[in-house]
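Text of the file upload_28.cif, holding mmCIF, C-alpha atoms:
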```
data_run
loop_
_atom_site.group_PDB
_atom_site.id
_atom_site.type_symbol
_atom_site.label_atom_id
_atom_site.label_comp_id
_atom_site.auth_asym_id
_atom_site.auth_seq_id
_atom_site.Cartn_x
_atom_site.Cartn_y
_atom_site.Cartn_z
ATOM 1 C CA MET A 1491 13.412 160.643 55.262
ATOM 2 C CA SER A 1492 12.700 162.197 58.657
ATOM 3 C CA PRO A 1493 9.783 161.068 60.817
ATOM 4 C CA ARG A 1494 6.683 163.243 60.704
ATOM 5 C CA ARG A 1495 5.884 165.258 63.795
ATOM 6 C CA LYS A 1496 2.410 165.061 65.218
ATOM 7 C CA PRO A 1497 0.729 168.470 64.840
ATOM 8 C CA THR A 1498 0.333 170.445 68.048
ATOM 9 C CA SER A 1499 -3.250 170.450 69.261
ATOM 10 C CA PHE A 1500 -5.287 173.471 70.260
ATOM 11 C CA ALA A 1501 -5.395 172.147 73.844
ATOM 12 C CA GLN A 1502 -1.587 172.148 73.999
ATOM 13 C CA TYR A 1503 -1.455 175.753 72.791
ATOM 14 C CA LEU A 1504 -4.165 176.723 75.269
ATOM 15 C CA PHE A 1505 -2.301 175.073 78.156
ATOM 16 C CA LEU A 1506 0.925 176.868 77.180
ATOM 17 C CA PHE A 1507 -0.904 180.192 76.923
ATOM 18 C CA VAL A 1508 -2.564 179.787 80.347
ATOM 19 C CA PHE A 1509 0.748 178.697 81.909
ATOM 20 C CA LEU A 1510 2.577 181.730 80.482
ATOM 21 C CA ILE A 1511 -0.148 184.087 81.726
ATOM 22 C CA PHE A 1512 0.036 182.495 85.212
ATOM 23 C CA ALA A 1513 3.843 182.782 85.224
ATOM 24 C CA ALA A 1514 3.658 186.431 84.159
ATOM 25 C CA LEU A 1515 1.089 187.250 86.861
ATOM 26 C CA LEU A 1516 3.099 185.428 89.515
ATOM 27 C CA SER A 1517 6.267 187.190 88.409
ATOM 28 C CA THR A 1518 4.505 190.541 88.547
ATOM 29 C CA TYR A 1519 3.063 189.774 91.982
ATOM 30 C CA LEU A 1520 6.464 188.776 93.324
ATOM 31 C CA GLY A 1521 8.139 191.773 91.732
ATOM 32 C CA LEU A 1522 5.687 194.210 93.301
ATOM 33 C CA ASN A 1523 5.633 192.625 96.724
ATOM 34 C CA ASP A 1524 9.274 191.625 97.125
ATOM 35 C CA ARG A 1525 10.414 195.151 97.989
ATOM 36 C CA SER A 1526 11.896 196.557 101.112
ATOM 37 C CA PRO A 1527 10.496 199.807 102.598
ATOM 38 C CA GLY A 1528 13.139 201.789 100.694
ATOM 39 C CA GLY A 1529 11.931 200.378 97.376
ATOM 40 C CA GLU A 1530 14.951 198.248 96.502
ATOM 41 C CA ALA A 1531 14.388 194.630 95.558
ATOM 42 C CA ALA A 1532 15.085 192.141 98.333
ATOM 43 C CA VAL A 1533 16.306 189.299 96.126
ATOM 44 C CA ALA A 1534 18.708 187.546 98.484
ATOM 45 C CA SER A 1535 15.967 186.488 100.864
ATOM 46 C CA PRO A 1536 13.571 183.805 99.712
ATOM 47 C CA THR A 1537 10.143 184.920 98.614
ATOM 48 C CA ALA A 1538 7.263 182.950 100.044
ATOM 49 C CA VAL A 1539 3.913 182.902 98.339
ATOM 50 C CA VAL A 1540 1.115 181.668 100.555
ATOM 51 C CA ALA A 1541 -2.066 180.164 99.170
ATOM 52 C CA GLU A 1542 -4.824 178.466 101.108
ATOM 53 C CA ALA A 1543 -5.527 174.858 100.173
ATOM 54 C CA GLY A 1544 -8.446 173.728 102.269
ATOM 55 C CA SER A 1545 -7.456 174.588 105.827
ATOM 56 C CA ALA A 1546 -3.665 174.468 105.417
ATOM 57 C CA PRO A 1547 -1.502 177.097 103.744
ATOM 58 C CA ILE A 1548 0.834 176.227 100.929
ATOM 59 C CA ARG A 1549 4.042 178.240 101.041
ATOM 60 C CA VAL A 1550 6.136 178.384 97.869
ATOM 61 C CA TYR A 1551 9.680 179.744 98.030
ATOM 62 C CA PHE A 1552 11.607 181.316 95.183
ATOM 63 C CA THR A 1553 15.241 182.328 95.444
ATOM 64 C CA ASP A 1554 17.630 184.114 93.135
ATOM 65 C CA PRO A 1555 21.068 182.503 93.358
ATOM 66 C CA TYR A 1556 22.477 185.140 90.988
ATOM 67 C CA ALA A 1557 21.583 188.115 93.181
ATOM 68 C CA PRO A 1558 24.672 190.054 94.330
ATOM 69 C CA ASP A 1559 24.008 189.339 97.999
ATOM 70 C CA ALA A 1560 22.634 185.796 97.560
ATOM 71 C CA GLY A 1561 25.701 184.414 99.319
ATOM 72 C CA GLN A 1562 24.661 185.941 102.619
ATOM 73 C CA ARG A 1563 23.097 183.309 104.807
ATOM 74 C CA SER A 1564 20.496 185.403 106.636
ATOM 75 C CA GLY A 1565 16.858 184.901 105.740
ATOM 76 C CA SER A 1566 17.432 181.708 103.807
ATOM 77 C CA VAL A 1567 14.718 179.136 103.184
ATOM 78 C CA ASP A 1568 16.365 176.926 105.806
ATOM 79 C CA ALA A 1569 15.485 179.433 108.555
ATOM 80 C CA ASP A 1570 11.782 178.612 108.113
ATOM 81 C CA MET A 1571 12.609 174.910 107.878
ATOM 82 C CA VAL A 1572 14.537 175.063 111.146
ATOM 83 C CA ARG A 1573 11.576 176.771 112.848
ATOM 84 C CA SER A 1574 9.305 173.936 111.686
ATOM 85 C CA ILE A 1575 11.741 171.260 112.871
ATOM 86 C CA ASP A 1576 12.038 173.008 116.235
ATOM 87 C CA GLN A 1577 8.236 172.819 116.616
ATOM 88 C CA ALA A 1578 8.014 169.091 115.732
ATOM 89 C CA GLN A 1579 6.443 166.962 118.444
ATOM 90 C CA ARG A 1580 5.738 163.492 116.970
ATOM 91 C CA SER A 1581 8.068 162.637 114.081
ATOM 92 C CA ILE A 1582 10.383 163.877 111.357
ATOM 93 C CA ASP A 1583 10.936 161.780 108.241
ATOM 94 C CA LEU A 1584 13.169 163.035 105.467
ATOM 95 C CA ALA A 1585 14.778 161.907 102.256
ATOM 96 C CA VAL A 1586 17.567 164.021 100.803
ATOM 97 C CA TYR A 1587 20.099 163.763 98.040
ATOM 98 C CA ASN A 1588 22.859 165.689 99.802
ATOM 99 C CA PHE A 1589 23.123 167.448 103.159
ATOM 100 C CA SER A 1590 25.536 170.103 104.419
ATOM 101 C CA LEU A 1591 23.388 172.725 106.186
ATOM 102 C CA ASP A 1592 24.564 172.937 109.785
ATOM 103 C CA SER A 1593 21.432 174.842 110.852
ATOM 104 C CA VAL A 1594 19.110 172.027 109.732
ATOM 105 C CA ALA A 1595 21.412 169.351 111.172
ATOM 106 C CA GLU A 1596 21.444 171.105 114.545
ATOM 107 C CA ALA A 1597 17.641 171.401 114.490
ATOM 108 C CA LEU A 1598 17.302 167.678 113.735
ATOM 109 C CA LEU A 1599 19.580 166.873 116.667
ATOM 110 C CA ARG A 1600 17.552 169.148 118.961
ATOM 111 C CA ALA A 1601 14.390 167.324 117.867
ATOM 112 C CA GLN A 1602 15.989 163.967 118.576
ATOM 113 C CA GLN A 1603 17.088 165.207 122.018
ATOM 114 C CA ARG A 1604 13.459 166.235 122.719
ATOM 115 C CA GLY A 1605 12.439 162.639 122.015
ATOM 116 C CA VAL A 1606 11.053 163.240 118.512
ATOM 117 C CA PRO A 1607 11.872 160.237 116.282
ATOM 118 C CA VAL A 1608 13.949 161.390 113.290
ATOM 119 C CA ARG A 1609 14.284 159.011 110.344
ATOM 120 C CA MET A 1610 16.392 159.849 107.340
ATOM 121 C CA VAL A 1611 17.361 158.246 104.037
ATOM 122 C CA MET A 1612 19.829 159.774 101.622
ATOM 123 C CA GLU A 1613 22.029 159.115 98.630
ATOM 124 C CA SER A 1614 24.550 156.461 99.707
ATOM 125 C CA THR A 1615 27.471 158.212 98.040
ATOM 126 C CA ALA A 1616 26.846 161.317 100.212
ATOM 127 C CA LEU A 1617 26.805 159.471 103.551
ATOM 128 C CA ASP A 1618 30.524 160.056 104.099
ATOM 129 C CA ASN A 1619 30.209 163.848 103.933
ATOM 130 C CA ARG A 1620 30.822 165.932 107.064
ATOM 131 C CA VAL A 1621 27.231 166.698 108.133
ATOM 132 C CA PRO A 1622 25.758 163.203 107.635
ATOM 133 C CA GLN A 1623 28.750 161.778 109.512
ATOM 134 C CA ALA A 1624 28.244 164.230 112.381
ATOM 135 C CA LEU A 1625 24.555 163.305 112.568
ATOM 136 C CA GLN A 1626 25.360 159.603 112.628
ATOM 137 C CA ASP A 1627 28.073 160.148 115.244
ATOM 138 C CA ALA A 1628 25.446 161.897 117.391
ATOM 139 C CA GLY A 1629 23.194 158.842 117.127
ATOM 140 C CA LEU A 1630 20.794 159.931 114.417
ATOM 141 C CA PRO A 1631 20.135 156.930 112.152
ATOM 142 C CA ILE A 1632 20.624 157.579 108.429
ATOM 143 C CA LEU A 1633 19.897 154.898 105.869
ATOM 144 C CA GLY A 1634 21.656 155.009 102.500
ATOM 145 C CA ASP A 1635 19.547 154.296 99.450
ATOM 146 C CA ARG A 1636 21.777 151.332 98.421
ATOM 147 C CA ARG A 1637 21.215 151.929 94.708
ATOM 148 C CA GLU A 1638 23.513 152.458 91.767
ATOM 149 C CA GLY A 1639 21.570 155.433 90.413
ATOM 150 C CA LEU A 1640 21.248 158.746 92.194
ATOM 151 C CA MET A 1641 18.537 158.989 94.836
ATOM 152 C CA HIS A 1642 17.378 162.490 94.082
ATOM 153 C CA ASP A 1643 14.445 162.742 96.517
ATOM 154 C CA LYS A 1644 14.089 165.929 98.519
ATOM 155 C CA PHE A 1645 11.301 165.961 101.055
ATOM 156 C CA MET A 1646 10.595 166.143 104.765
ATOM 157 C CA VAL A 1647 7.403 165.244 106.630
ATOM 158 C CA ILE A 1648 6.994 166.781 110.089
ATOM 159 C CA ASP A 1649 4.456 165.312 112.527
ATOM 160 C CA GLY A 1650 2.629 163.711 109.605
ATOM 161 C CA VAL A 1651 0.997 167.041 108.708
ATOM 162 C CA GLU A 1652 3.671 169.380 107.329
ATOM 163 C CA VAL A 1653 5.498 168.548 104.110
ATOM 164 C CA TRP A 1654 8.588 170.234 102.725
ATOM 165 C CA THR A 1655 9.369 169.248 99.139
ATOM 166 C CA GLY A 1656 10.870 170.701 96.009
ATOM 167 C CA SER A 1657 14.174 171.034 94.218
ATOM 168 C CA MET A 1658 16.204 172.446 97.106
ATOM 169 C CA ASN A 1659 19.120 170.398 98.372
ATOM 170 C CA LEU A 1660 19.957 170.820 102.058
ATOM 171 C CA THR A 1661 23.274 172.399 101.099
ATOM 172 C CA GLY A 1662 24.767 175.857 101.046
ATOM 173 C CA THR A 1663 24.930 175.799 97.271
#
```
Please lay out the structure from this file as structure tokens.
Amino acid sequence: MSPRRKPTSFAQYLFLFVFLIFAALLSTYLGLNDRSPGGEAAVASPTAVVAEAGSAPIRVYFTDPYAPDAGQRSGSVDADMVRSIDQAQRSIDLAVYNFSLDSVAEALLRAQQRGVPVRMVMESTALDNRVPQALQDAGLPILGDRREGLMHDKFMVIDGVEVWTGSMNLTGT
């Protein structure tokens, strides 16, 4: 005899309905506004949606890894991240699962050379990869998570006021 499933409540259906409507509206908004002047979709570049939350904007990026020209590196999300790192004045704290983006690594080293403290923790099993090794060789301290399970955090805090977070690894893939 199989266990009985709890019936789905009206509130659950309502939440799903509202979520689907929001997703459809967001998809429509992005589809209409993610066009180049010639009318073709610009899917390789990340799409940023800006919303005001109090006095600070929230920027949400969406990418399409299946777009034909998604492999081109221009206009990637990391370009905006590098600009933010280059403007850091007080501190940069980040936790990442894996790291292979040279552009971000170079920006972190520039920040360190400007005297901005950079603190980083990452998955211990990824510490031996090329970019983390190059950062450590240049004097940037990286702490491994020292855990058996995967440390899957992905965030960066710049100057205590700007937060980058989400599902993006700092890798080319």
Hits of the PyMOL selection byres ((chain A and resi 1601) around 9) in this structure, as a list in words: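 Output from the PyMOL selection byres ((chain A and resi 1601) around 9), applied to this file: Ile1575, Asp1576, Gln1577, Ala1578, Gln1579, Ser1581, Ile1582, Glu1596, Ala1597, Leu1598, Leu1599, Arg1600, Gln1602, Gln1603, Arg1604, Gly1605, Val1606, Pro1607 and Val1608 of chain A.
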Specify as JSON, numbers by chain each residue included when the PyMOL selection byres ((chain A and resi 1637) around 12) is applied to this file. {"A": [1611, 1612, 1613, 1614, 1615, 1633, 1634, 1635, 1636, 1638, 1639, 1640, 1641, 1642]}
Keeping only C-alpha atoms, write the selected residues to a file as a CSV table (one decimal), in the frame of the given file.
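Final output, part-v8.csv:
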```
chain,number,residue,atom,x,y,z
A,1611,VAL,CA,17.4,158.2,104.0
A,1612,MET,CA,19.8,159.8,101.6
A,1613,GLU,CA,22.0,159.1,98.6
A,1614,SER,CA,24.6,156.5,99.7
A,1615,THR,CA,27.5,158.2,98.0
A,1633,LEU,CA,19.9,154.9,105.9
A,1634,GLY,CA,21.7,155.0,102.5
A,1635,ASP,CA,19.5,154.3,99.4
A,1636,ARG,CA,21.8,151.3,98.4
A,1638,GLU,CA,23.5,152.5,91.8
A,1639,GLY,CA,21.6,155.4,90.4
A,1640,LEU,CA,21.2,158.7,92.2
A,1641,MET,CA,18.5,159.0,94.8
A,1642,HIS,CA,17.4,162.5,94.1
```
Could you check the closest approach to A:Phe1589 for each of A:Val1621, A:Met1610, A:Met1658, A:Val1567 and tell me which residue wins, using all atoms listed in the file?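 Checking each of A:Val1621, A:Met1610, A:Met1658, A:Val1567 against A:Phe1589, counting all atoms listed in the file, the winner is A:Val1621.
Picked out by the PyMOL selection byres ((chain A and resi 1647) around 12) when it runs on this file: Met1571, Ser1574, Ile1575, Ala1578, Gln1579, Arg1580, Ser1581, Ile1582, Asp1583, Leu1584, Ala1585, Val1586, Pro1607, Val1608, Arg1609, Met1610, Lys1644, Phe1645, Met1646, Ile1648, Asp1649, Gly1650, Val1651, Glu1652, Val1653, Trp1654 and Thr1655 of chain A.
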Residue selection dump (C-alpha atoms) as a PDB file, in the frame of the given file:
```pdb
ATOM      1  CA  MET A1571      12.609 174.910 107.878  1.00  0.00           C
ATOM      2  CA  SER A1574       9.305 173.936 111.686  1.00  0.00           C
ATOM      3  CA  ILE A1575      11.741 171.260 112.871  1.00  0.00           C
ATOM      4  CA  ALA A1578       8.014 169.091 115.732  1.00  0.00           C
ATOM      5  CA  GLN A1579       6.443 166.962 118.444  1.00  0.00           C
ATOM      6  CA  ARG A1580       5.738 163.492 116.970  1.00  0.00           C
ATOM      7  CA  SER A1581       8.068 162.637 114.081  1.00  0.00           C
ATOM      8  CA  ILE A1582      10.383 163.877 111.357  1.00  0.00           C
ATOM      9  CA  ASP A1583      10.936 161.780 108.241  1.00  0.00           C
ATOM     10  CA  LEU A1584      13.169 163.035 105.467  1.00  0.00           C
ATOM     11  CA  ALA A1585      14.778 161.907 102.256  1.00  0.00           C
ATOM     12  CA  VAL A1586      17.567 164.021 100.803  1.00  0.00           C
ATOM     13  CA  PRO A1607      11.872 160.237 116.282  1.00  0.00           C
ATOM     14  CA  VAL A1608      13.949 161.390 113.290  1.00  0.00           C
ATOM     15  CA  ARG A1609      14.284 159.011 110.344  1.00  0.00           C
ATOM     16  CA  MET A1610      16.392 159.849 107.340  1.00  0.00           C
ATOM     17  CA  LYS A1644      14.089 165.929  98.519  1.00  0.00           C
ATOM     18  CA  PHE A1645      11.301 165.961 101.055  1.00  0.00           C
ATOM     19  CA  MET A1646      10.595 166.143 104.765  1.00  0.00           C
ATOM     20  CA  ILE A1648       6.994 166.781 110.089  1.00  0.00           C
ATOM     21  CA  ASP A1649       4.456 165.312 112.527  1.00  0.00           C
ATOM     22  CA  GLY A1650       2.629 163.711 109.605  1.00  0.00           C
ATOM     23  CA  VAL A1651       0.997 167.041 108.708  1.00  0.00           C
ATOM     24  CA  GLU A1652       3.671 169.380 107.329  1.00  0.00           C
ATOM     25  CA  VAL A1653       5.498 168.548 104.110  1.00  0.00           C
ATOM     26  CA  TRP A1654       8.588 170.234 102.725  1.00  0.00           C
ATOM     27  CA  THR A1655       9.369 169.248  99.139  1.00  0.00           C
TER      28      THR A1655
END
```
Of A:Ser1593, A:Val1550, A:Tyr1556, A:Ile1632, the one nearest to A:Thr1661 when counting only C-alpha atoms is A:Ser1593
For a test of reading the model, state the distance in Å between atom CA of A:Asp1627 and atom CA of A:Asn1588, rounded to one decimal.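 A separation of 17.2 Å between them.
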Please, what distance in Å, to one decimal, runs between atom CA of A:Asp1568 and atom CA of A:Asp1643?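 Between atom CA of A:Asp1568 and atom CA of A:Asp1643 the gap works out to 17.1 Å.
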Please measure the separation of atom CA of A:Ala1616 and atom CA of A:Arg1549, giving the value in Å to one decimal.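 Distance between the two atoms: 28.4 Å.
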Which centre and which edge lengths, in Å to one decimal, describe the axis-aligned box that holds all listed atoms of stretch 1612-1625 of chain A after 3 Å is added on each side, as lines of an AutoDock Vina configuration file?
```
center_x = 25.3
center_y = 161.6
center_z = 105.3
size_x = 17.0
size_y = 16.2
size_z = 20.5
```
